[in-house]
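Text of final_25.txt, listed as compact mmCIF, C-alpha atoms and all ligand atoms:
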```
# COMPACT_ATOMS: atom_id res chain seq x y z
CA MET A 1 1.78 191.12 83.11
CA SER A 2 1.29 189.99 79.50
CA GLU A 3 4.37 188.84 77.59
CA GLU A 4 4.31 192.01 75.49
CA ALA A 5 4.07 194.39 78.46
CA PRO A 6 7.82 194.86 79.16
CA LYS A 7 8.43 195.57 75.47
CA ILE A 8 5.60 198.13 75.28
CA LYS A 9 6.95 199.78 78.43
CA LEU A 10 10.41 200.00 76.85
CA ILE A 11 9.06 201.55 73.64
CA MET A 12 7.18 204.15 75.70
CA GLU A 13 10.36 204.90 77.65
CA LEU A 14 12.28 205.37 74.37
CA ARG A 15 9.62 207.81 73.13
CA ARG A 16 9.77 209.72 76.40
CA ARG A 17 13.54 210.03 76.04
CA GLY A 18 13.25 211.56 72.57
CA ILE A 19 13.19 208.67 70.10
CA THR A 20 10.59 209.94 67.64
CA ASP A 21 11.62 208.23 64.39
CA GLN A 22 8.80 205.77 63.67
CA ARG A 23 11.03 203.53 61.55
CA VAL A 24 13.48 203.18 64.44
CA LEU A 25 10.71 202.55 67.00
CA GLY A 26 9.11 200.03 64.61
CA ALA A 27 12.39 198.13 64.20
CA MET A 28 12.96 198.12 67.99
CA GLU A 29 9.47 196.69 68.40
CA ARG A 30 9.96 193.97 65.79
CA VAL A 31 13.47 192.69 66.58
CA PRO A 32 13.19 190.28 69.57
CA ARG A 33 15.94 191.48 71.94
CA GLU A 34 15.32 188.43 74.14
CA LEU A 35 17.05 186.30 71.47
CA PHE A 36 20.22 188.44 71.71
CA VAL A 37 20.78 188.38 75.47
CA PRO A 38 22.17 185.35 77.40
CA HIS A 39 19.44 183.01 78.75
CA LEU A 40 20.38 183.99 82.28
CA PHE A 41 19.23 187.54 81.56
CA SER A 42 16.17 186.89 79.35
CA ASP A 43 13.83 188.36 81.97
CA GLN A 44 15.79 191.62 81.66
CA ALA A 45 15.73 191.73 77.84
CA PHE A 46 13.38 194.74 77.83
CA ASP A 47 14.97 196.64 80.68
CA ASP A 48 16.74 199.73 79.42
CA THR A 49 20.21 198.50 80.42
CA ALA A 50 23.33 197.06 78.83
CA LEU A 51 23.90 193.37 79.69
CA PRO A 52 26.98 191.12 79.62
CA ILE A 53 27.51 188.75 76.67
CA ASP A 54 30.31 186.23 76.02
CA CYS A 55 33.99 187.16 75.61
CA GLY A 56 33.70 189.90 78.27
CA GLN A 57 31.66 192.16 75.96
CA THR A 58 28.22 193.79 76.33
CA ILE A 59 24.98 194.16 74.43
CA SER A 60 24.29 197.89 74.34
CA GLN A 61 21.49 199.58 76.26
CA PRO A 62 18.28 199.81 74.14
CA PHE A 63 18.15 203.61 74.46
CA VAL A 64 21.70 203.92 73.12
CA VAL A 65 20.91 201.58 70.20
CA ALA A 66 17.76 203.59 69.38
CA TYR A 67 19.54 206.93 69.77
CA MET A 68 22.53 205.97 67.60
CA THR A 69 20.22 204.54 64.94
CA GLN A 70 18.03 207.65 64.94
CA MET A 71 21.06 209.96 64.67
CA LEU A 72 22.40 207.83 61.81
CA ALA A 73 19.24 208.45 59.70
CA VAL A 74 19.46 205.16 57.81
CA GLY A 75 17.50 205.00 54.54
CA ASP A 76 16.19 201.80 53.00
CA ARG A 77 18.51 201.97 49.98
CA MET A 78 21.66 202.51 52.02
CA LYS A 79 24.78 200.43 52.45
CA VAL A 80 25.81 200.43 56.10
CA LEU A 81 29.02 199.35 57.86
CA GLU A 82 28.94 198.35 61.54
CA ILE A 83 32.09 197.73 63.56
CA GLY A 84 31.56 195.64 66.71
CA THR A 85 28.82 193.06 65.98
CA GLY A 86 28.72 191.78 69.58
CA SER A 87 25.35 190.07 70.07
CA GLY A 88 24.17 191.24 66.63
CA TYR A 89 21.21 193.17 68.07
CA GLN A 90 22.22 196.56 66.66
CA THR A 91 23.05 194.80 63.37
CA ALA A 92 19.51 193.36 63.15
CA ILE A 93 18.03 196.84 63.77
CA LEU A 94 20.24 198.33 61.01
CA ALA A 95 19.34 195.48 58.65
CA ALA A 96 15.64 196.24 59.17
CA LEU A 97 16.25 199.82 57.97
CA SER A 98 18.91 199.49 55.25
CA ARG A 99 19.51 197.72 51.94
CA ARG A 100 22.49 195.80 53.30
CA THR A 101 24.52 195.95 56.51
CA TYR A 102 28.14 194.79 56.65
CA THR A 103 29.32 193.96 60.15
CA ILE A 104 32.76 193.16 61.59
CA GLU A 105 33.58 191.48 64.92
CA ARG A 106 37.02 190.53 66.32
CA TYR A 107 35.71 187.56 68.40
CA ARG A 108 34.75 184.56 66.27
CA PRO A 109 32.51 182.95 68.97
CA LEU A 110 30.40 186.12 69.16
CA MET A 111 30.05 186.17 65.39
CA ILE A 112 28.98 182.51 65.29
CA ASP A 113 26.20 183.25 67.80
CA ALA A 114 25.13 186.40 65.97
CA GLU A 115 24.97 184.56 62.62
CA ARG A 116 22.80 181.85 64.19
CA ARG A 117 20.37 184.54 65.38
CA PHE A 118 20.23 186.22 61.94
CA LYS A 119 19.44 182.84 60.39
CA GLU A 120 16.78 182.05 62.96
CA LEU A 121 15.13 185.42 62.29
CA LYS A 122 15.47 184.90 58.50
CA ILE A 123 17.43 188.14 58.07
CA SER A 124 19.21 187.87 54.73
CA ASN A 125 20.69 191.35 54.16
CA ILE A 126 23.62 191.13 56.59
CA THR A 127 27.17 190.28 55.49
CA THR A 128 29.55 189.31 58.30
CA ARG A 129 33.31 189.24 58.73
CA VAL A 130 35.52 188.17 61.60
CA GLY A 131 38.35 190.67 61.46
CA ASP A 132 39.84 193.91 62.67
CA GLY A 133 37.21 196.59 62.29
CA LEU A 134 39.87 199.29 62.57
CA LYS A 135 40.72 198.49 58.96
CA GLY A 136 37.10 198.95 57.89
CA TRP A 137 35.94 196.94 54.88
CA PRO A 138 37.85 198.45 51.94
CA GLU A 139 36.49 196.00 49.31
CA GLN A 140 32.94 197.22 50.00
CA ALA A 141 33.69 200.93 50.56
CA PRO A 142 32.38 203.57 50.29
CA PHE A 143 29.47 203.32 52.72
CA ASP A 144 26.44 205.63 53.14
CA ARG A 145 26.53 205.12 56.89
CA ILE A 146 29.10 203.79 59.38
CA ILE A 147 28.48 202.94 63.03
CA ILE A 148 31.14 201.90 65.54
CA THR A 149 29.82 200.28 68.72
CA ALA A 150 33.08 200.21 70.69
CA ALA A 151 34.97 203.26 71.94
CA ALA A 152 38.00 204.55 70.05
CA GLU A 153 40.76 206.48 71.79
CA GLU A 154 41.97 208.05 68.60
CA TRP A 155 40.33 209.20 65.44
CA PRO A 156 39.99 206.03 63.23
CA VAL A 157 41.25 207.54 60.00
CA GLU A 158 41.05 204.41 57.84
CA ILE A 159 37.38 203.95 58.73
CA CYS A 160 36.47 207.62 58.16
CA ASN A 161 37.98 207.43 54.69
CA GLN A 162 35.51 204.66 53.79
CA LEU A 163 32.54 207.00 54.23
CA LYS A 164 30.82 208.44 51.12
CA ILE A 165 30.85 212.19 50.64
CA GLY A 166 27.61 213.35 52.30
CA GLY A 167 27.63 210.18 54.41
CA LEU A 168 27.23 210.00 58.18
CA MET A 169 29.15 208.10 60.81
CA ILE A 170 28.45 207.73 64.53
CA MET A 171 30.85 206.43 67.17
CA PRO A 172 31.89 206.70 70.81
CA ILE A 173 35.27 208.33 71.41
CA GLY A 174 37.25 208.85 74.62
CA LYS A 175 40.46 207.99 76.40
CA THR A 176 38.89 206.25 79.42
CA SER A 177 35.68 204.32 80.11
CA THR A 178 34.37 207.19 82.22
CA ASP A 179 35.14 209.90 79.70
CA GLN A 180 33.43 208.91 76.47
CA LYS A 181 31.02 210.75 74.24
CA LEU A 182 29.18 209.89 71.07
CA VAL A 183 30.13 211.92 68.04
CA ARG A 184 28.41 212.25 64.69
CA ILE A 185 30.66 212.83 61.70
CA GLU A 186 29.49 214.06 58.32
CA ARG A 187 31.84 213.77 55.39
CA THR A 188 31.74 216.90 53.25
CA GLU A 189 33.46 217.51 49.89
CA GLU A 190 36.66 218.71 51.60
CA ASP A 191 36.49 217.64 55.21
CA PHE A 192 34.66 215.98 58.12
CA ASP A 193 32.15 217.93 60.23
CA VAL A 194 32.02 216.64 63.78
CA THR A 195 29.12 217.14 66.23
CA ASP A 196 29.34 216.08 69.89
CA LEU A 197 26.29 214.19 71.14
CA ILE A 198 25.73 212.53 74.53
CA PRO A 199 28.08 210.97 77.14
CA VAL A 200 28.19 207.15 76.90
CA ARG A 201 30.07 204.10 78.20
CA PHE A 202 31.20 201.47 75.69
CA VAL A 203 33.75 198.64 75.74
CA PRO A 204 36.99 199.69 74.00
CA LEU A 205 37.74 199.29 70.31
CA VAL A 206 40.74 196.94 70.29
CA GLU A 207 43.18 196.48 67.44
CA GLY A 208 43.53 193.09 65.73
CA VAL A 209 41.49 189.88 65.67
CA ALA A 210 41.00 188.19 69.08
CA ARG A 211 43.15 185.07 69.59
CA GLU A 212 41.27 181.76 69.46
CA ASN A 213 41.56 179.66 72.60
N1 LIG B 1 26.30 196.52 69.15
C1 LIG B 1 26.74 195.45 69.97
C2 LIG B 1 27.79 195.98 70.92
C3 LIG B 1 28.79 194.99 71.29
S1 LIG B 1 30.09 195.58 72.30
C4 LIG B 1 25.58 194.85 70.73
O1 LIG B 1 24.67 195.62 71.08
O2 LIG B 1 25.58 193.66 71.01
C5 LIG B 1 31.30 196.02 71.11
C6 LIG B 1 31.88 194.93 70.28
O3 LIG B 1 32.95 195.48 69.51
C7 LIG B 1 32.49 193.78 71.07
O4 LIG B 1 31.88 192.58 70.71
C8 LIG B 1 33.97 193.81 70.68
O5 LIG B 1 34.56 192.53 70.60
C9 LIG B 1 33.91 194.49 69.32
N2 LIG B 1 35.18 195.09 68.88
C10 LIG B 1 36.08 195.81 69.61
N3 LIG B 1 37.12 196.19 68.84
C11 LIG B 1 36.88 195.68 67.59
C12 LIG B 1 37.60 195.72 66.37
N4 LIG B 1 38.79 196.32 66.23
N5 LIG B 1 37.06 195.10 65.30
C13 LIG B 1 35.87 194.46 65.39
N6 LIG B 1 35.15 194.38 66.53
C14 LIG B 1 35.65 194.99 67.62
```
Would you write out, as structure tokens, the structure that this file holds?
Amino acid sequence: MSEEAPKIKLIMELRRRGITDQRVLGAMERVPRELFVPHLFSDQAFDDTALPIDCGQTISQPFVVAYMTQMLAVGDRMKVLEIGTGSGYQTAILAALSRRTYTIERYRPLMIDAERRFKELKISNITTRVGDGLKGWPEQAPFDRIIITAAAEEWPVEICNQLKIGGLMIMPIGKTSTDQKLVRIERTEEDFDVTDLIPVRFVPLVEGVAREN
């Protein structure tokens, strides 16, 4: 098989599963997922599965990244907030589609690795912060788009309030790891309109910055 074959197969699989947005498919084709997975798993970089990363976290499944990005409808002039940088793969996809992406991670070692990858790929429109994503990023609010890539048990009010009117947010919500769904939230003049999407399985959104050890 040629080196490109697993990637082409993955893109075809994404199309088959309903990813039709050419900008999203283009970004998934351009961002080298093999740089975001641990070396041990590089031969699985283009399998449609989540994989373990450091600090007991996971890099999301490519279909879920593509689906969330498509549902978020990111425009090239938009300011995006991501909570849960992890490997930085989803961040790199968002950066390819937006004006600037702000991303927060509670584990410093994960952020150091992600920043190294952004530098290596010469991506210059990402701003990072090690911190508690549950607080959002008030100094940079409001955002056109917000994406949370860890599952909340409760409605994250502080984050929702940092969304622009007319803005969209997408996140997994659920009390247990086996009972989570993605929801899309649109902020209207008076309220938030919530649409249920697909069942998913994400690591939990945890309060506070992770302790250094
Ligand atoms: N999109 C990432 C997913 C990483 S998993 C990727 O594909 O690589 C989710 C990440 O959210 C984990 O790295 C976890 O540490 C982080 N996280 C959980 N709670 C958080 C919080 N309160 N603030 C910031 N990051 C958080």
Cut-off 9 Å, only C-alpha atoms and all ligand atoms, neighbours of ligand LIG 1 (chain B) as a PyMOL selection string
chain A and resi 36-37+50-51+53-62+65+82-91+103-107+110-111+114+129-136+148-152+202-210
Which residue is closest to A:Ile185? Choose from A:Ile8, A:Ala95, A:Ile198, A:Met71 and count all atoms listed in the file.
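Of A:Ile8, A:Ala95, A:Ile198, A:Met71, the one nearest A:Ile185 is A:Met71, counting all atoms listed in the file.
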Taking only C-alpha atoms into account, name the residue in A:Arg187, A:Lys181, A:Val31, A:Glu154 that is nearest to A:Gly166.
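The closest residue to A:Gly166 is A:Arg187.
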Leaving out A:Asp48 and any residue of its chain fewer than 5 positions from it, which residues lie within 10 Å of it when counting all atoms listed in the file, given as an NGL selection string?
:A and (9-11 or 13-14 or 60-64)
May I ask which of the residues A:Glu120, A:Glu190, A:Glu158, A:Asp196 is the closest one to A:Met171, counting all atoms listed in the file?
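Smallest distance to A:Met171 is found for A:Asp196.
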Pick from A:Cys160, A:Ile170, A:Met28, A:Ala5: nearest to A:Ile93, with all atoms listed in the file counted?
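Under the stated criterion, the closest residue is A:Met28.
Atom CA of A:Thr20 is positioned 24.8 Å from atom CA of A:Ile123.
Minimum atom-to-atom distance to A:Asp76, evaluated using only C-alpha atoms, belongs to A:Leu94 out of A:Leu182, A:Leu94, A:Ala141, A:Val157.
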Find, counting all atoms listed in the file, the residue in A:Leu72, A:Ile126, A:Ile165, A:Ile112 that gets nearest to A:Val24.
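Selected residue with least distance to A:Val24: A:Leu72.
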Give me, as a VMD selection string, all polymer residues having an atom no more than 6 Å from A:Ile146, counting all atoms listed in the file and skipping those fewer than 2 positions away in the same chain.
chain A and resid 80 to 82 169
I'd like the neighbourhood of A:Arg30 as a list of chain:residue names, where a residue qualifies if any of its atoms comes within 10 Å (using all atoms listed in the file), though same-chain residues fewer than 2 positions away should be ignored.
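Returned residues: A:Lys7, A:Val24, A:Leu25, A:Gly26, A:Ala27, A:Met28, A:Pro32, A:Arg33, A:Ala92, A:Ile93, A:Ala96.
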